[in-house]
Amino acid sequence: MTLTSRDRRSLLILAGALAVIAVLNFTVLSDSTAPAAAVASLDPVQLRSRVALLRQTAAALPVREALLKQNDADLAERERGIIQADTVAQAQAELVETARRVGNANQLDVRSSDFASPKVFGDYGLVYAAVTFDGHIEQVLNFLADLTRETELIVPSEERITSTNAKEKLVSVRMVLSGVVAKKLIPEKKGLGAF
């Protein structure tokens, strides 16, 4: 089981919260039935420094919580572009469907040809779909520009553009599009020893 950066950050925040609770438990919320001799043996200067430290820690807590909420909101905004699917095949179909929709808006007949195997990309995965279409150079440029405006994180990873009619500026395009998906969709590669 691997931990994502989000999980690691959550564990660090949990550890910090547990440390604050432990400090509060052992200093401020200590057992009231403690012998008076133990309380009397503490130096007033040490008590004041502990209280000051606790106040600083307590004052920093709302700031940390606000930063955590902001980080969660930023992460949710960035992950909004992830293709939402249950399987790799569904994600690839969504990729092709988005390409067709953008192509139709630019009067291009986008056809899918093949699908490459998905790959792990950091904490996420990438799925690939090859598409082909013919059109004017302006249509191809508009297709690429409109593709960047989509909410999904879809980018061309390979392009092969060949001229079919130079006089009319017609080109034939074969493009491999890649889209970002959740890492859990990417199948784990098994080693030679795994049966």
# chains A, B, ... in the order shown; residues from 1 in each chain; ligands from 1
call {"tool": "select_by_dssp", "arguments": {"residues": "segment 62-122 of chain A", "states": "alpha helix (DSSP H)", "output": "number ranges by chain"}}
result
A: 62-78, 88-105
call {"tool": "write_last_selection", "arguments": {"atoms": "C-alpha atoms", "output": "PDB file, in the first residue's frame"}}
result
ATOM      1  CA  PRO A  62      -6.566  28.268  13.998  1.00  0.00           C
ATOM      2  CA  VAL A  63      -3.914  29.375  11.483  1.00  0.00           C
ATOM      3  CA  ARG A  64      -2.902  25.760  10.854  1.00  0.00           C
ATOM      4  CA  GLU A  65      -6.524  24.725  10.443  1.00  0.00           C
ATOM      5  CA  ALA A  66      -7.097  27.571   7.961  1.00  0.00           C
ATOM      6  CA  LEU A  67      -4.006  26.511   5.994  1.00  0.00           C
ATOM      7  CA  LEU A  68      -5.211  22.922   5.942  1.00  0.00           C
ATOM      8  CA  LYS A  69      -8.637  23.976   4.647  1.00  0.00           C
ATOM      9  CA  GLN A  70      -6.970  26.143   1.976  1.00  0.00           C
ATOM     10  CA  ASN A  71      -4.702  23.264   0.915  1.00  0.00           C
ATOM     11  CA  ASP A  72      -7.681  20.914   0.690  1.00  0.00           C
ATOM     12  CA  ALA A  73      -9.570  23.457  -1.418  1.00  0.00           C
ATOM     13  CA  ASP A  74      -6.546  23.951  -3.715  1.00  0.00           C
ATOM     14  CA  LEU A  75      -6.147  20.198  -4.122  1.00  0.00           C
ATOM     15  CA  ALA A  76      -9.843  19.759  -4.905  1.00  0.00           C
ATOM     16  CA  GLU A  77      -9.599  22.523  -7.521  1.00  0.00           C
ATOM     17  CA  ARG A  78      -6.577  20.900  -9.156  1.00  0.00           C
ATOM     18  CA  VAL A  88      -9.339   2.491 -17.765  1.00  0.00           C
ATOM     19  CA  ALA A  89     -11.575   1.699 -20.751  1.00  0.00           C
ATOM     20  CA  GLN A  90     -14.202   4.170 -19.535  1.00  0.00           C
ATOM     21  CA  ALA A  91     -11.536   6.850 -19.062  1.00  0.00           C
ATOM     22  CA  GLN A  92     -10.226   6.253 -22.591  1.00  0.00           C
ATOM     23  CA  ALA A  93     -13.766   6.435 -23.966  1.00  0.00           C
ATOM     24  CA  GLU A  94     -14.269   9.742 -22.130  1.00  0.00           C
ATOM     25  CA  LEU A  95     -11.013  10.988 -23.649  1.00  0.00           C
ATOM     26  CA  VAL A  96     -12.211  10.119 -27.168  1.00  0.00           C
ATOM     27  CA  GLU A  97     -15.661  11.588 -26.505  1.00  0.00           C
ATOM     28  CA  THR A  98     -14.128  14.899 -25.407  1.00  0.00           C
ATOM     29  CA  ALA A  99     -11.926  14.945 -28.522  1.00  0.00           C
ATOM     30  CA  ARG A 100     -14.970  14.291 -30.725  1.00  0.00           C
ATOM     31  CA  ARG A 101     -16.981  17.037 -29.032  1.00  0.00           C
ATOM     32  CA  VAL A 102     -14.152  19.559 -29.445  1.00  0.00           C
ATOM     33  CA  GLY A 103     -13.609  18.364 -33.032  1.00  0.00           C
ATOM     34  CA  ASN A 104     -17.310  18.758 -33.896  1.00  0.00           C
ATOM     35  CA  ALA A 105     -17.182  22.324 -32.612  1.00  0.00           C
TER      36      ALA A 105
END
call {"tool": "residues_around", "arguments": {"residues": "Tyr128 of chain A", "least_positions_apart": "5", "cutoff": "7 Å", "atoms": "only C-alpha atoms", "output": "ChimeraX atom specification"}}
result
/A:92,115-118,176-179
call {"tool": "closest_atom_pairs", "arguments": {"of": "segment 77-165 of chain A", "to": "segment 1-22 of chain A", "cutoff": "12 Å", "atoms": "only C-alpha atoms", "output": "Markdown table"}}
result
| residue | atom | partner | partner_atom | distance |
| --- | --- | --- | --- | --- |
| A:Glu79 | CA | A:Arg6 | CA | 11.8 |
| A:Gly122 | CA | A:Thr4 | CA | 9.0 |
| A:Asp123 | CA | A:Thr4 | CA | 6.1 |
| A:Tyr124 | CA | A:Thr4 | CA | 9.3 |
call {"tool": "residues_around", "arguments": {"residues": "Ala182 of chain A", "least_positions_apart": "5", "cutoff": "9 Å", "atoms": "only C-alpha atoms", "output": "JSON, numbers by chain"}}
result
{"A": [82, 83, 84, 85, 123, 124, 125, 126]}
call {"tool": "select_by_dssp", "arguments": {"residues": "chain A", "states": "strand (DSSP E)", "output": "PyMOL selection string"}}
result
chain A and resi 111-114+119-121+124-136+154-165+170-182
call {"tool": "atom_distance", "arguments": {"atom1": "atom CA of Arg111 of chain A", "atom2": "atom CA of Ser172 of chain A"}}
result
11.9 Å
call {"tool": "residues_around", "arguments": {"residues": "Val140 of chain A", "least_positions_apart": "6", "cutoff": "9 Å", "atoms": "only C-alpha atoms", "output": "PDB file with C-alpha atoms, in the first residue's frame"}}
result
ATOM      1  CA  GLY A 103     -13.609  18.364 -33.032  1.00  0.00           C
ATOM      2  CA  ASN A 106     -14.393  22.952 -35.164  1.00  0.00           C
ATOM      3  CA  LEU A 108     -13.600  18.119 -37.721  1.00  0.00           C
ATOM      4  CA  ASP A 134      -8.410  15.728 -41.614  1.00  0.00           C
ATOM      5  CA  VAL A 171      -3.620  18.366 -43.379  1.00  0.00           C
ATOM      6  CA  VAL A 173      -3.534  14.594 -38.283  1.00  0.00           C
TER       7      VAL A 173
END
call {"tool": "closest_residue", "arguments": {"among": "A:Ser113, A:Gln107, A:Gln56, A:Thr148", "to": "Gly81 of chain A", "atoms": "only C-alpha atoms"}}
result
A:Thr148
call {"tool": "closest_residue", "arguments": {"among": "A:Leu24, A:Leu147, A:Leu153, A:Ala58", "to": "Val181 of chain A", "atoms": "only C-alpha atoms"}}
result
A:Leu153
